[in-house]
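Engineer: The structure's right below; bear with me while I get my questions together.
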Amino acid sequence: MSDLVAPLAPAAERVTAGLSAAQREAVLHGQGPLLIIAGAGTGKTTVLTRRIAHLITSRLARPEQILALTFTDKAALEMAERVDQLIPYGYAETWIATFHAFGDKVLRDHALDAGLDPGFRVLTQPEQVIFLRERLWRLPLSRYRPPGDPTRHLQALVGFVSRAKDEDVGPAELRACADARAARAGSPEERDDAEALLELAAFYESYQSLLAEASCLDFGDQIHRALRLLRERPAVLARLRERFPFVLVDEFQDTNHSQLELLRLLAEGGTSLTVVGDDDQAIYRWRGAASGNLIAFRELFPDAKQVVLVENHRSTQEILDCAGRLVAYNNPYRLEVVAGIDKRLVSQRGPGEPPRHRHFDSVSAESDAVAAEIEALLSRGHRPRDVAVLVRSNADADPFLRALNVRGIPHRFSGSRGLYAREEVRLLVAFLRLLAAPDDSVSAFYLAASELYRVPPPELLRLNRFASRKTRPLLEVFRALPDEAELAAVGGAAREAVARLLRDLDAAAAEMASKRTGEVLYLFLQGSGLLAKLAAESSAEAEARVKNIARFFQVVRGYGDVAVHDRVPDFVAHLELLRDAGDDPAVAEADPDEDAVQVLTVHKAKGLEFAAVFLVGAAEGKFPVQRRRAPLELPEELVKSRLAGAGADAELMEERRLFYVAMTRAKESLLLTSAADYGTARPRKVSRFVVEALDLPSPSPALRRSQAREALERERPAAEPPALPPAPLPADAPLSLSFRQVDDYRTCPLKYKYVHRLRVPLPVHHRVVYGNAVHHALQAMFKARLEGRPFAAEDLVAAFRAAWVSEGFLSRAHEEERRATGERNLRRFFDEDAAAPLQPTGVEEEFAFFLGATKVQGRYDLVVQDAEGVAIVDFKTGTVRTQKEADQRAKDSLQLDLYALAHERLRGALPARVELRFVESGRVGSRRPEPEQVREAERVVEEVARALRARDFTARPSYRACAPCAFHDICPHTAWHSE
DNA sequence: AAGGAGATTTTTTTT
DNA sequence: AAATCTCCTT
């Protein structure tokens with residue numbers, strides 16, 4: 001601690017600079033429980049991050065004693081970045097994470113205590129459905145029968161169990177509830193219901209044991225399991241309380257019962273709990289959040305200090321008043337009434353323009369008018385990124401995307417689904433399908449028509465007709481094309497394209513039996529030239545496609561991780577199952593720096609703000625949506641989360657809060673729009689929320705239907721947004737860099753783009769497999785030593801084997817040879833180390849520090865403390881022949897200088913030594929870090945950061961850079977040719 | 001005015 | 001599958 005005092009002093013003053021009196025009070029409040037009730041736009045995250053900074057700088061807490069919990073990764077990341085900006089010292093040890101990540105960490109640290117296999121895997125909901133399909137020979141539940149096929153049935157069950165866990169309800173509790181119901185059942189229907197519930201409890205129980213057998217966890221279960229663990233193991237709980245005496249929670253209104261219980265357990269040990277929330281922004285009831293959390297907190301901690309933030313820094317008063325009028329319709333269930341506080345928002349930005357409402361005949365008129373208004377805003381100097389179009393449902397966005405596109409307004413829709421619908425992904429799926437099933441003519445057709453092969457449409461139709469007439473698969477017709485007299489009229493372009501398709505397909509088919517799906521797919525991407533084509537384009541659209549391809553590779557890899565037999569046909573079958581079970585990942589996020597109008601769902605917009613907001617589709621039945629009940633609902637008496645209001649009211653009130661969240665995103669201008677005709681048989685009425693918010697005299701009468709033109713308009717296909725070059729970033733834009741990134745950028749900026757920006761999927765190189773396995777083994781060894789656990793040579797070899805992946809090797813013999821070499825080297829390393837054991841004080845320790853706005857992060861392999869002082873050690877697996885070469889490598893290593901720099905920034909002084917340890921030869925390249933050389937490294941990082949912010953990805957081809965580069969055969973600039 | 005028949009509509013999403 | 005809306009009859 002002592003070395004931290006000096007740099008901390010000036011930061012302490014900065015922590016509260018610019019805060020309002022109420023914010024300052026919230027930030028500086030002492031150690032007891034603290035409830036910060038913070039309305040929209042009052043600086044919730046600011047207060048929380050400043051409080052974290054205050055705890056550290058005032059030395060009430062050490063950074064590693066603080067745990068800050070959020071609900072999304074994005075929120076955690078943002079908070080971490082903002083804390084970093086305030087106090088760039090030692091923050092790396094502060095735990096800022098999602099509830100999920102925290103629960104997962106607790107379980108992984110205490111897996112054995114929790115009765116879990118330490119290597120447990122977490123299944124997504126679609127994966128759970130598949131998991132059950134494979135294991136249940138007969139579907140459970142004869143009485144509850146959700147509509148549809150067995151998959152829907154399983155989906156309903158999985159949803160039910162996940163909901164039960166949100167409410168901290170286990171199988172036993174469910175059974176008790178069923179018994180109680182049976183006991184007081186009067187009518188035969190009630191007895192039936194109780195029986196059905198009993199079936200459900202039995203299913204829940206057997207599902208739990210099936211998961212345990214397979215050492216799996218269902219996604220969302222981490223907190224529930226962590227909670228159980230802490231209840232059953234007081235020692236673990238005590239350690240956790242000791243570890244985190246300070247816990248802070250953002251968006252507290254969105255916690256579910258299990259999460260609340262976990263917080264309660266921690267706080268009972270004296271943990272200082274700070275929560276920030278706003279009951280009017282509770283919008284996650286459907287995933288178990290309880291809108292009455294703030295009230296529950298006040299009752300749980302009657303002595304909690306309470307601060308109410310009402311100074312709104314975001315919106316004009318007119319907007320706030322309308323939003324306030326709307327949400328007041330949720331009285332008397334709101335906190336204001338229940339707790340008798342006043343949290344009406346007071347704008348710090350003046351009255352502004354009142355929000356408007358416009359109603360249209362049809363959705364096309366609505367979307368066109370919105371696009372026109374946006375165009376006008378842009379022509380008056382607004383940036384596209386300052387404008388948002390908010391929708392209630394993903395599907396509502398379509399007409400608006402089209403209208404923006406017609407006017408050429410740059411825009412971006414961030415939905416949460418749709419990866420499989422993307423053209424580039426469908427192309428890959430079609431290819432895999434055709435490989436797995438050569439008679440799949442739909443895939444053959446799709447592939448042939450795709451932009452990759454472009455068989456001319458009339459010719460393709462002719463081939464297709466021929467195939468159906470002869471009842472032969474299209475692929476066979478392709479193969480027969482050169483010799484088939486009846487098809488002699490097919491032109492040369494088509495013949496060439498078909499030949500290309502067959503060549504690519506056959507090349508992949510030859511590898512299919514021996515290679516994993518990912519490898520086969522990669523060969524196709526490369527062989528067909530698709531990757532090269534996309535990589536050569538510099539438009540945002542091409543970048544998005546490459547990113548989506550990378551996402552699809554994640555799905556492929558996810559399968560490879562669990563599959564016994566990862567081959568194309570198996571994967572294709574699995575993919576069908578996944579999609580049937582409802583899996584549809586989001587498309588890759590577009591470049592966040594892209595200057596485009598944002599089209600978002602209200603849920604996605606939470607926490608964001610825009611100068612101008614268009615809240616569209618504000619019609620009855622759309623917003624509020626007409627809800628559908630969950631197929632299996634948790635019995636009422638088991639729902640412990642406190643909901644403000646009850647029954648049908650609760651649903652409407654949640655929709656109203658959602659509308660409130662949407663309205664309060666606007667800083668200056670807010671337009672609500674609606675239409676009579678959204679393509680449904682009945683005309684829509686204006687949303688009651690519009691009437692409430694704007695205090696309209698009476699609901700407008702339904703308008704007449706529009707004409708046939710409307711139906712045609714709706715069929716027009718949605719077009720892609722126009723491509724935009726990414727804008728350069730300002731010098732103070734946050735940027736994170738690792739050594740790898742700096743190194744790759746210096747080698748070649750285009751390589752950096754391929755690897756770190758586009759994340760072009762790469763086949764795994766055997767050297768990487770080898771290096772990773774060695775690192776893993778060494779890490780396990782030194783971790784054991786650090787924790788004082790015994791660790792034998794056999795353990796080292798076992799860890800090496802466990803980390804081994806059979807991918808990228810030239811042959812089976814090659815793989816065996818590499819594995820034997822690794823084991824031999826590790827055994828020798830073990831023996832040599834035994835003679836003079838390294839005593840690490842840190843293993844795989846992460847670090848992060850700031851150079852201006854640039855965050856430099858990384859991980860030391862080993863930190864060793866000896867008589868000479870601190871040494872930072874990095875293990876290398878490459879060969880070095882002589883000691884001189886080892887010394888030279890250490891001397892030239894930018895990596896070592898960066899490590900030295902990190903140590904200097906975080907601990908106040910350069911380490912005594914930095915070392916490269918070559919595992920193969922046992923040689924050590926060691927040196928003292930020179931201040932001058934460290935400064936030079938700092939300069940290099942700054943230079944790379946500057947170039948990255950300028951978006952300079954100009955290729956720097958050279959023999960040295962290109963020869964070892966994984967992209968040399970797709971890169972259009974390569975200075976090296978293999979043939 | 002009440003009520004029955006029949007038509008119409010049905011979402012958000014964390015790793 | 002269930003809630004809500006409109007239309008129509010009484």
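Residue names in the structure tokens use chain letters A, B, ... in the order shown, residue numbers from 1 in each chain, and ligand numbers from 1 in the order shown.
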If you take only C-alpha atoms (C1' of nucleotides) and a cut-off of 12 Å, which residues of chain C touch chain A, and what are their nearest atom pairs and distances in Å to one decimal, in chain and number order, as a tab-separated table?
Structural biologist:
residue	atom	partner	partner_atom	distance
C:DA1	C1'	A:Pro147	CA	7.3
C:DA2	C1'	A:Arg628	CA	7.4
C:DA3	C1'	A:Arg628	CA	8.2
C:DT4	C1'	A:Gln626	CA	8.8
C:DC5	C1'	A:Arg682	CA	9.4
C:DT6	C1'	A:Arg682	CA	9.5
Engineer: Please, which residues of chain A lie no more than 8 Å from chain B when the count uses only C-alpha atoms (C1' of nucleotides), and can they be set out as a list of chain:residue names?
Structural biologist: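 For chain A, the answer reads A:Phe71, A:Thr72, A:His100, A:Phe219, A:Gly220, A:Tyr284, A:Trp286, A:Arg392, A:Ser393, A:Ser416, A:His603, A:Gly621, A:Val625, A:Gln626, A:Arg627, A:Arg628, A:Ala681, A:Arg682.
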Engineer: Just the selected residues (all heavy atoms), exported as a short mmCIF file (atom, residue, chain, number, x, y, z; two decimals), in the first residue's frame, please.
Structural biologist:
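Okay, this is what ended up in part11.cif:
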data_model
loop_
_atom_site.label_atom_id
_atom_site.label_comp_id
_atom_site.auth_asym_id
_atom_site.auth_seq_id
_atom_site.Cartn_x
_atom_site.Cartn_y
_atom_site.Cartn_z
N PHE A 71 -25.10 -6.03 -15.13
CA PHE A 71 -25.87 -7.09 -15.77
C PHE A 71 -25.36 -7.46 -17.15
O PHE A 71 -25.65 -8.53 -17.65
CB PHE A 71 -27.35 -6.71 -15.85
CG PHE A 71 -27.98 -6.80 -14.51
CD1 PHE A 71 -28.00 -5.71 -13.67
CD2 PHE A 71 -28.47 -8.01 -14.06
CE1 PHE A 71 -28.53 -5.81 -12.40
CE2 PHE A 71 -29.00 -8.12 -12.79
CZ PHE A 71 -29.04 -7.02 -11.96
N THR A 72 -24.63 -6.56 -17.76
CA THR A 72 -24.11 -6.88 -19.08
C THR A 72 -22.60 -6.65 -19.09
O THR A 72 -22.08 -5.82 -18.34
CB THR A 72 -24.72 -6.00 -20.18
OG1 THR A 72 -24.38 -4.64 -19.91
CG2 THR A 72 -26.22 -6.15 -20.23
N HIS A 100 -23.35 -12.86 -13.71
CA HIS A 100 -23.05 -14.18 -14.27
C HIS A 100 -21.58 -14.54 -14.12
O HIS A 100 -21.24 -15.62 -13.68
CB HIS A 100 -23.40 -14.22 -15.75
CG HIS A 100 -24.86 -14.35 -15.99
ND1 HIS A 100 -25.64 -13.29 -16.34
CD2 HIS A 100 -25.67 -15.41 -15.91
CE1 HIS A 100 -26.88 -13.70 -16.46
NE2 HIS A 100 -26.94 -14.98 -16.22
N PHE A 219 -27.30 -22.37 -18.45
CA PHE A 219 -26.92 -20.97 -18.45
C PHE A 219 -27.89 -20.17 -17.61
O PHE A 219 -29.09 -20.32 -17.70
CB PHE A 219 -26.90 -20.42 -19.87
CG PHE A 219 -26.55 -18.98 -19.89
CD1 PHE A 219 -25.25 -18.59 -19.65
CD2 PHE A 219 -27.51 -18.03 -20.09
CE1 PHE A 219 -24.92 -17.27 -19.62
CE2 PHE A 219 -27.18 -16.69 -20.07
CZ PHE A 219 -25.89 -16.30 -19.83
N GLY A 220 -27.38 -19.31 -16.77
CA GLY A 220 -28.22 -18.53 -15.89
C GLY A 220 -28.29 -19.15 -14.51
O GLY A 220 -28.82 -18.57 -13.57
N TYR A 284 -37.01 -5.77 -16.79
CA TYR A 284 -36.61 -7.15 -17.05
C TYR A 284 -37.37 -8.16 -16.21
O TYR A 284 -36.81 -9.15 -15.75
CB TYR A 284 -35.10 -7.31 -16.84
CG TYR A 284 -34.30 -6.73 -17.98
CD1 TYR A 284 -33.59 -5.56 -17.84
CD2 TYR A 284 -34.30 -7.36 -19.22
CE1 TYR A 284 -32.88 -5.02 -18.90
CE2 TYR A 284 -33.58 -6.84 -20.28
CZ TYR A 284 -32.88 -5.67 -20.11
OH TYR A 284 -32.17 -5.17 -21.17
N TRP A 286 -39.41 -10.30 -17.22
CA TRP A 286 -39.46 -11.60 -17.89
C TRP A 286 -38.21 -12.43 -17.65
O TRP A 286 -38.19 -13.61 -17.92
CB TRP A 286 -39.72 -11.41 -19.38
CG TRP A 286 -38.80 -10.43 -20.00
CD1 TRP A 286 -39.00 -9.10 -20.11
CD2 TRP A 286 -37.52 -10.69 -20.56
NE1 TRP A 286 -37.92 -8.51 -20.68
CE2 TRP A 286 -36.99 -9.46 -20.99
CE3 TRP A 286 -36.76 -11.84 -20.74
CZ2 TRP A 286 -35.76 -9.36 -21.58
CZ3 TRP A 286 -35.52 -11.73 -21.34
CH2 TRP A 286 -35.04 -10.50 -21.75
N ARG A 392 -40.11 -1.14 -30.30
CA ARG A 392 -40.44 -2.05 -29.22
C ARG A 392 -39.95 -3.46 -29.53
O ARG A 392 -39.46 -4.17 -28.68
CB ARG A 392 -41.96 -2.04 -29.00
CG ARG A 392 -42.47 -3.11 -28.04
CD ARG A 392 -41.94 -2.85 -26.64
NE ARG A 392 -42.37 -3.85 -25.67
CZ ARG A 392 -41.71 -4.96 -25.41
NH1 ARG A 392 -40.59 -5.22 -26.05
NH2 ARG A 392 -42.15 -5.80 -24.51
N SER A 393 -40.13 -3.88 -30.78
CA SER A 393 -39.76 -5.24 -31.18
C SER A 393 -38.79 -5.19 -32.35
O SER A 393 -38.87 -4.28 -33.18
CB SER A 393 -40.99 -6.03 -31.62
OG SER A 393 -42.03 -5.85 -30.72
N SER A 416 -30.70 -8.46 -31.92
CA SER A 416 -30.03 -9.44 -31.08
C SER A 416 -30.09 -10.82 -31.72
O SER A 416 -29.87 -11.81 -31.07
CB SER A 416 -30.71 -9.46 -29.73
OG SER A 416 -32.10 -9.56 -29.92
N HIS A 603 -34.95 -1.94 -25.22
CA HIS A 603 -34.10 -2.65 -24.26
C HIS A 603 -32.62 -2.39 -24.54
O HIS A 603 -31.84 -2.18 -23.63
CB HIS A 603 -34.38 -4.15 -24.31
CG HIS A 603 -35.64 -4.53 -23.61
ND1 HIS A 603 -36.85 -4.57 -24.26
CD2 HIS A 603 -35.89 -4.88 -22.33
CE1 HIS A 603 -37.79 -4.92 -23.40
NE2 HIS A 603 -37.24 -5.13 -22.22
N GLY A 621 -51.15 -2.50 -29.05
CA GLY A 621 -50.86 -3.84 -29.55
C GLY A 621 -49.40 -4.00 -29.97
O GLY A 621 -48.90 -5.10 -30.11
N VAL A 625 -47.04 -4.09 -26.08
CA VAL A 625 -47.25 -5.31 -26.86
C VAL A 625 -48.34 -6.13 -26.19
O VAL A 625 -48.54 -6.05 -24.99
CB VAL A 625 -46.02 -6.24 -26.93
CG1 VAL A 625 -45.01 -5.75 -27.90
CG2 VAL A 625 -45.43 -6.51 -25.58
N GLN A 626 -48.96 -6.91 -27.03
CA GLN A 626 -49.90 -7.87 -26.48
C GLN A 626 -49.09 -9.07 -26.06
O GLN A 626 -48.44 -9.71 -26.88
CB GLN A 626 -50.90 -8.25 -27.56
CG GLN A 626 -52.03 -9.07 -27.04
CD GLN A 626 -53.11 -9.22 -28.10
OE1 GLN A 626 -53.37 -8.30 -28.88
NE2 GLN A 626 -53.70 -10.38 -28.14
N ARG A 627 -49.08 -9.34 -24.79
CA ARG A 627 -48.22 -10.41 -24.30
C ARG A 627 -48.82 -11.77 -24.46
O ARG A 627 -50.03 -11.92 -24.49
CB ARG A 627 -47.93 -10.19 -22.82
CG ARG A 627 -46.71 -9.40 -22.58
CD ARG A 627 -46.59 -9.10 -21.11
NE ARG A 627 -45.79 -7.92 -20.91
CZ ARG A 627 -44.49 -7.96 -20.66
NH1 ARG A 627 -43.87 -9.11 -20.57
NH2 ARG A 627 -43.82 -6.85 -20.47
N ARG A 628 -47.96 -12.73 -24.52
CA ARG A 628 -48.39 -14.12 -24.53
C ARG A 628 -47.86 -14.74 -23.24
O ARG A 628 -46.72 -14.50 -22.87
CB ARG A 628 -47.77 -14.83 -25.73
CG ARG A 628 -48.49 -16.07 -26.10
CD ARG A 628 -48.02 -16.57 -27.43
NE ARG A 628 -46.56 -16.63 -27.51
CZ ARG A 628 -45.93 -17.08 -28.56
NH1 ARG A 628 -46.59 -17.47 -29.61
NH2 ARG A 628 -44.62 -17.13 -28.58
N ALA A 681 -54.82 -7.07 -40.21
CA ALA A 681 -56.17 -6.89 -40.70
C ALA A 681 -56.87 -5.72 -40.02
O ALA A 681 -57.63 -5.00 -40.65
CB ALA A 681 -56.97 -8.17 -40.49
N ARG A 682 -56.57 -5.54 -38.75
CA ARG A 682 -57.25 -4.47 -38.02
C ARG A 682 -56.43 -3.20 -37.97
O ARG A 682 -55.21 -3.29 -37.79
CB ARG A 682 -57.48 -4.92 -36.58
CG ARG A 682 -58.61 -5.85 -36.46
CD ARG A 682 -59.20 -5.77 -35.07
NE ARG A 682 -60.20 -6.80 -34.98
CZ ARG A 682 -60.14 -7.82 -34.12
NH1 ARG A 682 -59.14 -7.90 -33.28
NH2 ARG A 682 -61.08 -8.72 -34.10
#
Engineer: Based on DSSP run over this structure's backbone, return all residues of stretch 511-633 of chain A in helix (DSSP H, G or I), as a ChimeraX atom specification.
Structural biologist: /A:511-512,517-527,530-536,540-562,568-580,602-605
Engineer: Can you tell me, as a list in words, what residues are no more than 9 Å from A:Leu638 when counting only C-alpha atoms (C1' of nucleotides), ignoring any on the same chain fewer than 6 positions away?
Structural biologist: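 Contacts, with the query itself left out: Ala164, Glu167, Val169, Glu173, Leu174 and Cys177 of chain A.
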Engineer: Leaving out stretch 489-493 of chain A and any residue of its chain fewer than 3 positions from it, which residues lie within 10 Å of it when counting only C-alpha atoms (C1' of nucleotides), given as number ranges by chain?
Structural biologist: A: 453-456, 458-460, 462-463, 481-482, 485-486, 496-499
Engineer: So that I can see what lies close to stretch 862-873 of chain A, please list as a PyMOL selection string the residues with an atom at most 8 Å from it, counting only C-alpha atoms (C1' of nucleotides) and leaving out residues fewer than 2 positions away in the same chain.
Structural biologist: chain A and resi 838-845+860+875+899-900+911-917
Engineer: Identify, on the basis of only C-alpha atoms (C1' of nucleotides), every residue whose closest approach to A:Tyr204 does not exceed 10 Å; exclude the query and any residue fewer than 5 positions from it along the same chain; express the result as an MDAnalysis selection string.
Structural biologist: chainID A and resid 157:158 160:161 164 170:172 174:175 198:199 209:210
Engineer: Could you give me, as a PDB file with N, CA and C atoms, in the first residue's frame, the residues within 9 Å of A:Gln317, counting only C-alpha atoms (C1' of nucleotides) and dropping anything in the same chain fewer than 3 positions from it?
Structural biologist:
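Final output, out.pdb:
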ATOM      1  N   ASN A 312     -31.260  16.047 -13.444  1.00  0.00           N
ATOM      2  CA  ASN A 312     -31.063  15.353 -14.716  1.00  0.00           C
ATOM      3  C   ASN A 312     -30.146  16.174 -15.608  1.00  0.00           C
ATOM      4  N   LEU A 320     -38.703  15.629 -19.813  1.00  0.00           N
ATOM      5  CA  LEU A 320     -38.794  14.994 -18.505  1.00  0.00           C
ATOM      6  C   LEU A 320     -40.214  15.057 -17.950  1.00  0.00           C
ATOM      7  N   ASP A 321     -40.875  16.195 -18.164  1.00  0.00           N
ATOM      8  CA  ASP A 321     -42.231  16.338 -17.641  1.00  0.00           C
ATOM      9  C   ASP A 321     -43.183  15.355 -18.304  1.00  0.00           C
ATOM     10  N   CYS A 322     -43.062  15.215 -19.618  1.00  0.00           N
ATOM     11  CA  CYS A 322     -43.938  14.273 -20.328  1.00  0.00           C
ATOM     12  C   CYS A 322     -43.680  12.841 -19.857  1.00  0.00           C
ATOM     13  N   LEU A 345     -37.785  14.594 -11.874  1.00  0.00           N
ATOM     14  CA  LEU A 345     -36.491  14.997 -12.428  1.00  0.00           C
ATOM     15  C   LEU A 345     -36.477  16.483 -12.752  1.00  0.00           C
ATOM     16  N   VAL A 346     -35.349  17.099 -12.419  1.00  0.00           N
ATOM     17  CA  VAL A 346     -35.186  18.514 -12.703  1.00  0.00           C
ATOM     18  C   VAL A 346     -34.081  18.686 -13.731  1.00  0.00           C
ATOM     19  N   SER A 347     -34.445  19.229 -14.872  1.00  0.00           N
ATOM     20  CA  SER A 347     -33.476  19.374 -15.951  1.00  0.00           C
ATOM     21  C   SER A 347     -32.463  20.453 -15.632  1.00  0.00           C
ATOM     22  N   GLN A 348     -31.231  20.213 -16.024  1.00  0.00           N
ATOM     23  CA  GLN A 348     -30.185  21.225 -15.898  1.00  0.00           C
ATOM     24  C   GLN A 348     -29.971  21.908 -17.239  1.00  0.00           C
ATOM     25  N   ARG A 349     -30.901  21.673 -18.178  1.00  0.00           N
ATOM     26  CA  ARG A 349     -30.661  22.153 -19.541  1.00  0.00           C
ATOM     27  C   ARG A 349     -31.770  23.047 -20.074  1.00  0.00           C
ATOM     28  N   GLY A 350     -32.626  23.551 -19.226  1.00  0.00           N
ATOM     29  CA  GLY A 350     -33.670  24.454 -19.696  1.00  0.00           C
ATOM     30  C   GLY A 350     -34.880  23.719 -20.231  1.00  0.00           C
ATOM     31  N   PRO A 351     -35.934  24.497 -20.606  1.00  0.00           N
ATOM     32  CA  PRO A 351     -37.211  23.888 -20.974  1.00  0.00           C
ATOM     33  C   PRO A 351     -37.162  23.093 -22.290  1.00  0.00           C
ATOM     34  N   GLY A 352     -36.590  23.662 -23.351  1.00  0.00           N
ATOM     35  CA  GLY A 352     -36.526  22.947 -24.637  1.00  0.00           C
ATOM     36  C   GLY A 352     -37.868  22.848 -25.317  1.00  0.00           C
ATOM     37  N   GLU A 353     -37.878  22.083 -26.401  1.00  0.00           N
ATOM     38  CA  GLU A 353     -39.094  21.908 -27.205  1.00  0.00           C
ATOM     39  C   GLU A 353     -39.929  20.779 -26.630  1.00  0.00           C
ATOM     40  N   PRO A 354     -41.251  20.913 -26.634  1.00  0.00           N
ATOM     41  CA  PRO A 354     -42.075  19.805 -26.149  1.00  0.00           C
ATOM     42  C   PRO A 354     -42.024  18.615 -27.106  1.00  0.00           C
TER      43      PRO A 354
END
Engineer: Pull the strand (DSSP E) assignments for stretch 288-512 of chain A out of DSSP run on the backbone, and list those residues as a PyMOL selection string.
Structural biologist: chain A and resi 305-309+311-312+346-347+356-362+387-391+411-413
Engineer: Here is a test: counting only C-alpha atoms, which residue of A:Ala563, A:Ile409, A:Glu936, A:Asp342 is nearest to A:Glu375?
Structural biologist: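 Among the listed residues, A:Ile409 lies closest to A:Glu375.
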